[in-house]
Amino acid sequence: MVDKVEKIWMDGEFVDWDDARVHVLSHTLHYGYGVFEGLRCYKCADGRSAIFRLDEHARRLYDSAKIIGLDIPYPPEVLKEAMKEALRVNGMDEGYLRPMVMLGLGAMGLFPKDNETHTIVAAWRWGAYLGDEGLNNGIRVQISSFTRSIVNAQMTRAKVCGNYVNSIMAKKAAVADGFDEAIMLDAQGYVAEGSGENIFIVRDGVIQTPPLTSMLAGITRASALTIAEDLGYKVELRLLTRDDLYIADEAFMVGTAAEITPIRSCDHCAVGSGKPGPVTKSLQEVFFKAVRGEDKRYESWLSHL
Ligand code: PPE
């Protein structure tokens with residue numbers, strides 16, 4: 001269960017955790033028509049804390065809202081400040097941030113009109129999303145029998161609440177079968193993404209990830225691509241097949257929550273040696289330095305509290 005913190009920002013002010021409530025007839029609860037983000041704040045080597053890629057996450061939140069036609073009743077500056085303040089008021093120097101914009105009471109049915117909008121920013125403590133063991137030694141993934149929603153059904157540039165039913169079903173099925181995570185294929189059968197992560201493989205020293213089609217345009221994905229290029233690796237954006245994962249030398253998943261997590265097997269087939277490989281480890285190392293302000297090249301990715 002998520003650990004309770006003191007305050008949550010809701011509709012312009014900080015309220016006590018127990019008072020951050022909406023009505024059961026809130027529109028988003030019924031139809032999934034809402035947008036959200038997930039960000040991490042890390043404690044830096046110099047003792048300060050910084051939110052990783054705050055501007056990019058804020059931009060994606062407003063893009064998501066625009067895509068589905070939802071008005072966010074605050075300018076980005078207000079929500080960015082609320083995110084910093086959500087950590088400060090709760091005395092957190094590290095944590096996960098969840099801004100969300102949802103529709104509340106008003107009309108029911110599929111033509112929301114004059115429904116009130118609720119905007120929240122919550123912060124909570126979140127350790128390694130796929131477990132410390134997974135982060136260090138790799139996870140076991142399953143190709144899901146659930147297809148990632150096709151691009152003109154699910155808006156893939158938007159992080160929409162309702163999109164996550166597809167993810168939850170895939171994740172639950174994978175865990176029920178004894179795996180750590182699900183990888184979903186797109187409608188054509190090409191590798192799309194994990195339930196809440198983007199995916200990369202490495203073969204013959206080339207880092208490969210699918211182009212942005214049936215998947216979220218992950219900010220960690222973009223960061224990993226930049227780091228990979230800075231490390232001098234050859235990077236290729238290309239459609240990946242299920243068996244590309246089986247014969248990869250290395251594979252890993254990336255996301256704000258998942259950070260950079262190695263994959264050690266796919267469908268019981270060992271990826272490479274079945275252990276995190278050198279390329280994955282080198283990216284992981286630079287990524288964790290970047291988020292903690294230990295690599296000057298990536299200073300501009302940090303927003304200090
Ligand atoms: N794909 C999906 C479907 C996704 O949800 C995420 C983030 C990503 C890719 C990676 O995106 P980015 O965080 O910008 O690198 N998933 C978030 C939600 C996790 C959750 O369980 O909630 C996250 O990682 O914060």
# chains A, B, ... in the order shown; residues from 1 in each chain; ligands from 1
$ residues_near_ligand --ligand "ligand 1" --cutoff "7 Å" --atoms "only C-alpha atoms and all ligand atoms" --output "list of chain:residue names"
A:Glu37, A:Gly38, A:Leu39, A:Ser167, A:Glu193, A:Gly194, A:Ser195, A:Gly196, A:Glu197, A:Asn198, A:Met215, A:Leu216, A:Ala217, A:Gly218, A:Ile219, A:Thr220, A:Arg221, A:Val254, A:Gly255, A:Thr256, A:Ala257, A:Ala258
$ write_last_selection --atoms "C-alpha atoms" --output "PDB file, in the first residue's frame"
ATOM      1  CA  GLU A  37       2.041  12.157 -15.310  1.00  0.00           C
ATOM      2  CA  GLY A  38       4.646  10.436 -13.201  1.00  0.00           C
ATOM      3  CA  LEU A  39       7.910  12.086 -12.200  1.00  0.00           C
ATOM      4  CA  SER A 167      -1.618  -2.291 -19.225  1.00  0.00           C
ATOM      5  CA  GLU A 193       6.162  -1.444 -24.897  1.00  0.00           C
ATOM      6  CA  GLY A 194       5.835  -2.790 -21.383  1.00  0.00           C
ATOM      7  CA  SER A 195       2.804  -2.161 -19.184  1.00  0.00           C
ATOM      8  CA  GLY A 196       4.473   1.024 -17.958  1.00  0.00           C
ATOM      9  CA  GLU A 197       7.873   1.140 -19.648  1.00  0.00           C
ATOM     10  CA  ASN A 198       9.525   1.469 -23.039  1.00  0.00           C
ATOM     11  CA  MET A 215       3.602   3.454 -27.382  1.00  0.00           C
ATOM     12  CA  LEU A 216       4.012   6.364 -25.047  1.00  0.00           C
ATOM     13  CA  ALA A 217       6.785   8.761 -26.034  1.00  0.00           C
ATOM     14  CA  GLY A 218       8.731   8.008 -22.900  1.00  0.00           C
ATOM     15  CA  ILE A 219      10.897  10.695 -21.398  1.00  0.00           C
ATOM     16  CA  THR A 220      13.258   8.091 -19.956  1.00  0.00           C
ATOM     17  CA  ARG A 221      13.442   6.561 -23.440  1.00  0.00           C
ATOM     18  CA  VAL A 254      12.990   2.232 -19.173  1.00  0.00           C
ATOM     19  CA  GLY A 255      10.480   4.489 -17.477  1.00  0.00           C
ATOM     20  CA  THR A 256      10.244   7.062 -14.740  1.00  0.00           C
ATOM     21  CA  ALA A 257       9.104   4.478 -12.220  1.00  0.00           C
ATOM     22  CA  ALA A 258      11.155   1.574 -13.654  1.00  0.00           C
TER      23      ALA A 258
END
$ residues_around --residues "Ala50 (chain A)" --least-positions-apart "5" --cutoff "10 Å" --atoms "only C-alpha atoms" --output "list in words"
Arg40, Cys41, Tyr42, Lys43, Cys44, Lys84, Asp93, Glu94, Val291, Arg292, Gly293, Trp301, Leu302, Ser303, His304 and Leu305 of chain A
$ select_by_dssp --residues "region 76-288 of chain A" --states "strand (DSSP E or B)" --output "MDAnalysis selection string"
chainID A and resid 95:103 117:124 139:143 160 181:185 191:194 198:203 206:209 234:237 250:255 259:266 269:270
$ residues_around --residues "Ser145 (chain A)" --least-positions-apart "5" --cutoff "10 Å" --atoms "only C-alpha atoms" --output "compact mmCIF listing (two decimals) with all heavy atoms, in the first residue's frame"
# COMPACT_ATOMS: atom_id res chain seq x y z
N MET A 169 -4.26 -5.29 -17.38
CA MET A 169 -4.61 -6.67 -17.74
C MET A 169 -3.36 -7.45 -18.15
O MET A 169 -3.18 -8.61 -17.76
CB MET A 169 -5.66 -6.69 -18.84
CG MET A 169 -6.99 -6.19 -18.34
SD MET A 169 -8.22 -6.04 -19.64
CE MET A 169 -8.74 -7.74 -19.77
N ALA A 170 -2.49 -6.80 -18.93
CA ALA A 170 -1.26 -7.47 -19.36
C ALA A 170 -0.36 -7.77 -18.17
O ALA A 170 0.20 -8.87 -18.04
CB ALA A 170 -0.53 -6.59 -20.38
N ALA A 173 -1.78 -10.62 -15.94
CA ALA A 173 -1.61 -11.93 -16.58
C ALA A 173 -0.16 -12.38 -16.47
O ALA A 173 0.11 -13.56 -16.20
CB ALA A 173 -2.06 -11.86 -18.04
N ALA A 174 0.78 -11.46 -16.68
CA ALA A 174 2.20 -11.82 -16.61
C ALA A 174 2.56 -12.26 -15.19
O ALA A 174 3.25 -13.28 -15.00
CB ALA A 174 3.06 -10.62 -17.04
N ALA A 182 5.07 -7.52 -18.33
CA ALA A 182 4.53 -7.89 -19.65
C ALA A 182 5.09 -6.96 -20.72
O ALA A 182 5.28 -5.77 -20.48
CB ALA A 182 3.01 -7.74 -19.62
N ILE A 183 5.34 -7.54 -21.88
CA ILE A 183 5.69 -6.74 -23.06
C ILE A 183 4.53 -6.90 -24.03
O ILE A 183 4.14 -8.03 -24.35
CB ILE A 183 6.95 -7.29 -23.78
CG1 ILE A 183 8.14 -7.41 -22.83
CG2 ILE A 183 7.30 -6.43 -25.00
CD1 ILE A 183 8.76 -6.15 -22.39
N MET A 184 4.00 -5.80 -24.48
CA MET A 184 2.89 -5.89 -25.42
C MET A 184 3.34 -5.64 -26.85
O MET A 184 4.21 -4.80 -27.10
CB MET A 184 1.80 -4.92 -25.02
CG MET A 184 0.97 -5.50 -23.87
SD MET A 184 -0.25 -4.34 -23.32
CE MET A 184 0.81 -3.25 -22.44
N LEU A 185 2.74 -6.40 -27.75
CA LEU A 185 3.02 -6.22 -29.17
C LEU A 185 1.93 -5.31 -29.75
O LEU A 185 0.81 -5.25 -29.21
CB LEU A 185 3.00 -7.57 -29.89
CG LEU A 185 3.92 -8.66 -29.30
CD1 LEU A 185 3.81 -9.95 -30.11
CD2 LEU A 185 5.38 -8.18 -29.27
$ residues_around --residues "Gly232 (chain A)" --least-positions-apart "2" --cutoff "12 Å" --atoms "only C-alpha atoms" --output "MDAnalysis selection string"
chainID A and resid 205:207 225:230 234:235 279 282:283
$ atom_distance --atom1 "CA of Leu237 (chain A)" --atom2 "CA of Ile260 (chain A)"
18.0 Å
$ closest_atom_pairs --of "region 137-221 of chain A" --to "region 23-34 of chain A" --cutoff "8 Å" --atoms "only C-alpha atoms" --output "CSV"
residue,atom,partner,partner_atom,distance
A:Val160,CA,A:Gly34,CA,5.7
A:Cys161,CA,A:Gly32,CA,5.1
A:Gly162,CA,A:Gly32,CA,4.0
A:Asn163,CA,A:Gly32,CA,7.8
$ residues_around --residues "Asp186 (chain A)" --least-positions-apart "4" --cutoff "8 Å" --atoms "only C-alpha atoms" --output "MDAnalysis selection string"
chainID A and resid 147:150 190:192 214
$ select_by_dssp --residues "region 97-219 of chain A" --states "alpha helix (DSSP H)" --output "list in words"
Asp132, Glu133, Gly134, Leu135, Asn136, Asn137, Tyr164, Val165, Asn166, Ser167, Ile168, Met169, Ala170, Lys171, Lys172, Ala173, Ala174, Val175, Ala176 and Ile219 of chain A
$ write_last_selection --atoms "C-alpha atoms" --output "CSV table (one decimal), in the first residue's frame"
chain,number,residue,atom,x,y,z
A,132,ASP,CA,15.7,-4.0,-6.1
A,133,GLU,CA,16.5,-7.5,-7.3
A,134,GLY,CA,15.1,-6.6,-10.7
A,135,LEU,CA,17.0,-3.4,-10.9
A,136,ASN,CA,20.3,-5.1,-10.1
A,137,ASN,CA,19.9,-8.6,-11.6
A,164,TYR,CA,-4.0,1.8,-18.5
A,165,VAL,CA,-6.7,-0.9,-18.4
A,166,ASN,CA,-4.9,-2.6,-21.2
A,167,SER,CA,-1.6,-2.3,-19.2
A,168,ILE,CA,-3.1,-3.6,-16.0
A,169,MET,CA,-4.6,-6.7,-17.7
A,170,ALA,CA,-1.3,-7.5,-19.4
A,171,LYS,CA,0.6,-7.0,-16.1
A,172,LYS,CA,-1.8,-9.1,-14.1
A,173,ALA,CA,-1.6,-11.9,-16.6
A,174,ALA,CA,2.2,-11.8,-16.6
A,175,VAL,CA,2.4,-11.9,-12.8
A,176,ALA,CA,-0.1,-14.7,-12.6
A,219,ILE,CA,10.9,10.7,-21.4
$ residues_around --residues "region 273-278 of chain A" --least-positions-apart "3" --cutoff "9 Å" --atoms "only C-alpha atoms" --output "list of chain:residue names"
A:Asn136, A:Asn137, A:Gly138, A:Asp249, A:Glu250, A:Ala251, A:Phe252, A:Thr261, A:Pro262, A:Ile263, A:Arg264, A:Ser265, A:Cys269, A:Ala270, A:Lys281, A:Ser282, A:Leu283
$ atom_distance --atom1 "CA of Gly91 (chain A)" --atom2 "CA of Leu61 (chain A)"
25.0 Å
$ atom_distance --atom1 "CA of Val271 (chain A)" --atom2 "CA of Asp180 (chain A)"
14.6 Å
$ residues_around --residues "Glu294 (chain A)" --least-positions-apart "5" --cutoff "10 Å" --atoms "only C-alpha atoms" --output "list of chain:residue names"
A:Cys44, A:Ala45, A:Asp46, A:Val286, A:Phe287, A:Phe288, A:Lys289, A:Glu299
$ closest_residue --among "A:Arg157, A:Ser223, A:Thr117, A:Arg48" --to "Arg88 (chain A)" --atoms "only C-alpha atoms"
A:Arg48
